[in-house]
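For reference, the structure is listed below as structure tokens.
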Amino acid sequence: MPTTSLVWFRQDLRLNDHPALQAALADNQPVIFIYIHDTTIPTHQTWGGASRWWLHHSLSQLAADIKSRGNELLIASGDPRDILQQAITRYQVNKIYWHRCYDVHRIASDMQLKKQFQQSGYYVESFNGSLLIEPWEIKTKSGDPYQVFTPFWRNALPIIKNIKYFMQKAPTRLPPLPDNFKSLLSIDDLSFLPKNPYWASGFDHRWQPGEKQAWQQLNLFLEENIFEYKIKRDYPALSHTSQLSPYLHWGEIAPWRVWLRCEEVSALTPSLSINDRMHFQNELGWREFSHYLLYYHPQLPEKNFRSAFDSFPWKDDAAALQCWQEGKTGYPLVDAGMRQLWHIGWMHNRVRMVVASFLVKHLLLDWRLGASWFWDTLVDADIANNSASWQWVAGSGADAAPYFRIFNPVLQSEKFDPDGAYIKHWVPELACLNAKQIHAPWRVDNELLKEAGVQLNKNYPSPIVNHETARHQALEAYKRIAK
DNA sequence: TGAAATGTTGGGGCG
DNA sequence: ACGCCCCAACATTTC
């Protein structure tokens, strides 16, 4: 019986720029492609509802792409140790390939797997499939990990520019399956799509997961939307963000492909300012930094990075949390953001900062409550980005926003949604208010409110907290942990 | 990847 | 013409 190579897909659901896949092809023998729904992942890290929706479609795309090239994607569910061992035995696998992950659970289980398989005489190799720079590739002069974004990124940039990244287009044909191949589960068997109720129709209209769409989105961004990125990315009613986050999260496109295409396009496009390009590249930098932090601080998803925050007087207010989750805080920009999230599994970055700041600083609710809501509702929910960003907003993180930096939800709204287009789209009950009124309906005269069909506390809430008092409370709370 | 509070400046109204 | 006040407009400091 001939030997077989195995490629274990995880957050690398693509065929282009795929080091593990290319390594298996180089073996010139049958190949098994497998995706395992890992049931050993800790609860707080198992995929949320929105992620599952995305994963279902992404796997379907990948399976179709593999099938059209003459092979199949094997789907399984369980403990990867068992599943992989079964596949190894059944198909005479002698070589195993995967891409690395950077969370503590998978680092530990990957190491164990590698050791176990190597001791049994198999060839095992893991690759970088999802970062521009892996965490151990960059340290400060004293040998410690960076704690602050700016020096991290300043020093990462020259390294990144020198790396020869793995660029290899998807093969047109894949090697054959072993003769005794038998699929275990179908993607449907994983039950990743919601039912009773089916809440994802907004997702269906908004997103097309998969590698092909990832490349299309990249092209659209680099050809049109990156212009004036520095300014326009902050306006949630516009489409001047890359919107690549879910594709990057699931590895439907390699970050270095995004990076290098961006460099290429900017070299060919004099009208694209260095400033706009750099601001976009910085965002990729934050993604790198989050993974870097997670690697060196495995407890980032659960524990305050700065332990002074362990004694922070968070409130216990389930009702307020629910208002926030449902987009019923009475602050139109906050509510628009939360409803956008609920409907399409994604929120504009500027608004993410505003709603997160609101939860933590106006409502004084623990950032972990916000992180877990985002984890469940975002199609780009990523353990590194989500944890690092929430800690950044809360002020408990590395290189965090200072605690006293409190967004005024009305000013942010006036600044970044000046004509109220974003609010009108997601909070239609306010659609008849004009551009002056819409940011703070409670300040509008009763007569005018009535004309616009807005009845406070009937069809739209009045603010659940007063901005000024909430702000002072937050500053008080901060003082308590500062000493 | 703030916003509020406080300080400074300078033009204009006015006695 | 002058001093005084008011208050934008902008700058700086503080949270």
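Residues are named by chain letter and number: chains run A, B, ... in the order of the structure tokens, numbers start at 1 in each chain, and ligands are numbered from 1 in the order shown.
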Would you pick out the contacts of DG10 of chain B at 12 Å or less, using only C-alpha atoms (C1' of nucleotides), so that residues sharing its chain but fewer than 6 positions from it are not included, and give the list as number ranges by chain? C: 6-10
Please dump the current selection as an mmCIF file, in the first residue's frame; keep C-alpha atoms (C1' of nucleotides).
data_model
loop_
_atom_site.group_PDB
_atom_site.id
_atom_site.type_symbol
_atom_site.label_atom_id
_atom_site.label_comp_id
_atom_site.auth_asym_id
_atom_site.auth_seq_id
_atom_site.Cartn_x
_atom_site.Cartn_y
_atom_site.Cartn_z
ATOM 1 C "C1'" DC C 6 -16.919 90.401 26.484
ATOM 2 C "C1'" DC C 7 -16.152 86.480 24.031
ATOM 3 C "C1'" DA C 8 -14.688 83.960 20.005
ATOM 4 C "C1'" DA C 9 -10.826 81.479 18.571
ATOM 5 C "C1'" DC C 10 -7.084 79.097 19.476
#
Using only C-alpha atoms (C1' of nucleotides), select each residue of chain A with any atom at most 8 Å away from an atom of chain B, and give the selection as a PyMOL selection string. chain A and resi 405-408
Hey, can you spit out that residue selection with C-alpha atoms as a PDB file, in the first residue's frame?
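Heads up, here's the output in again23.pdb:
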ATOM      1  CA  ARG A 405      -9.644  58.944  27.121  1.00  0.00           C
ATOM      2  CA  ILE A 406     -13.408  58.681  27.034  1.00  0.00           C
ATOM      3  CA  PHE A 407     -15.258  58.988  23.764  1.00  0.00           C
ATOM      4  CA  ASN A 408     -18.219  61.326  23.742  1.00  0.00           C
TER       5      ASN A 408
END
Tell me, in Å to one decimal, how far atom CA of Ala470 of chain A is from atom C1' of DC15 of chain C.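 Between these atoms lies a distance of 13.7 Å.
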Select all residues from chain A having any atom no more than 10 Å from an atom of chain C (counting only C-alpha atoms (C1' of nucleotides), ignoring ligands), output as a ChimeraX atom specification. /A:402-406,472,475
Which residues, written as a ChimeraX atom specification, have at least one atom at most 12 Å from segment 29-33 of chain A, with only C-alpha atoms (C1' of nucleotides) counted and residues fewer than 2 positions away on the same chain left out? /A:1-10,13-15,20-27,35-36,59,62-63,65-67,70-76,84,87-88,90-98,173-183
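Pairwise distance (atom CA of Asp382 of chain A, atom CA of Asp103 of chain A) equals 10.5 Å.
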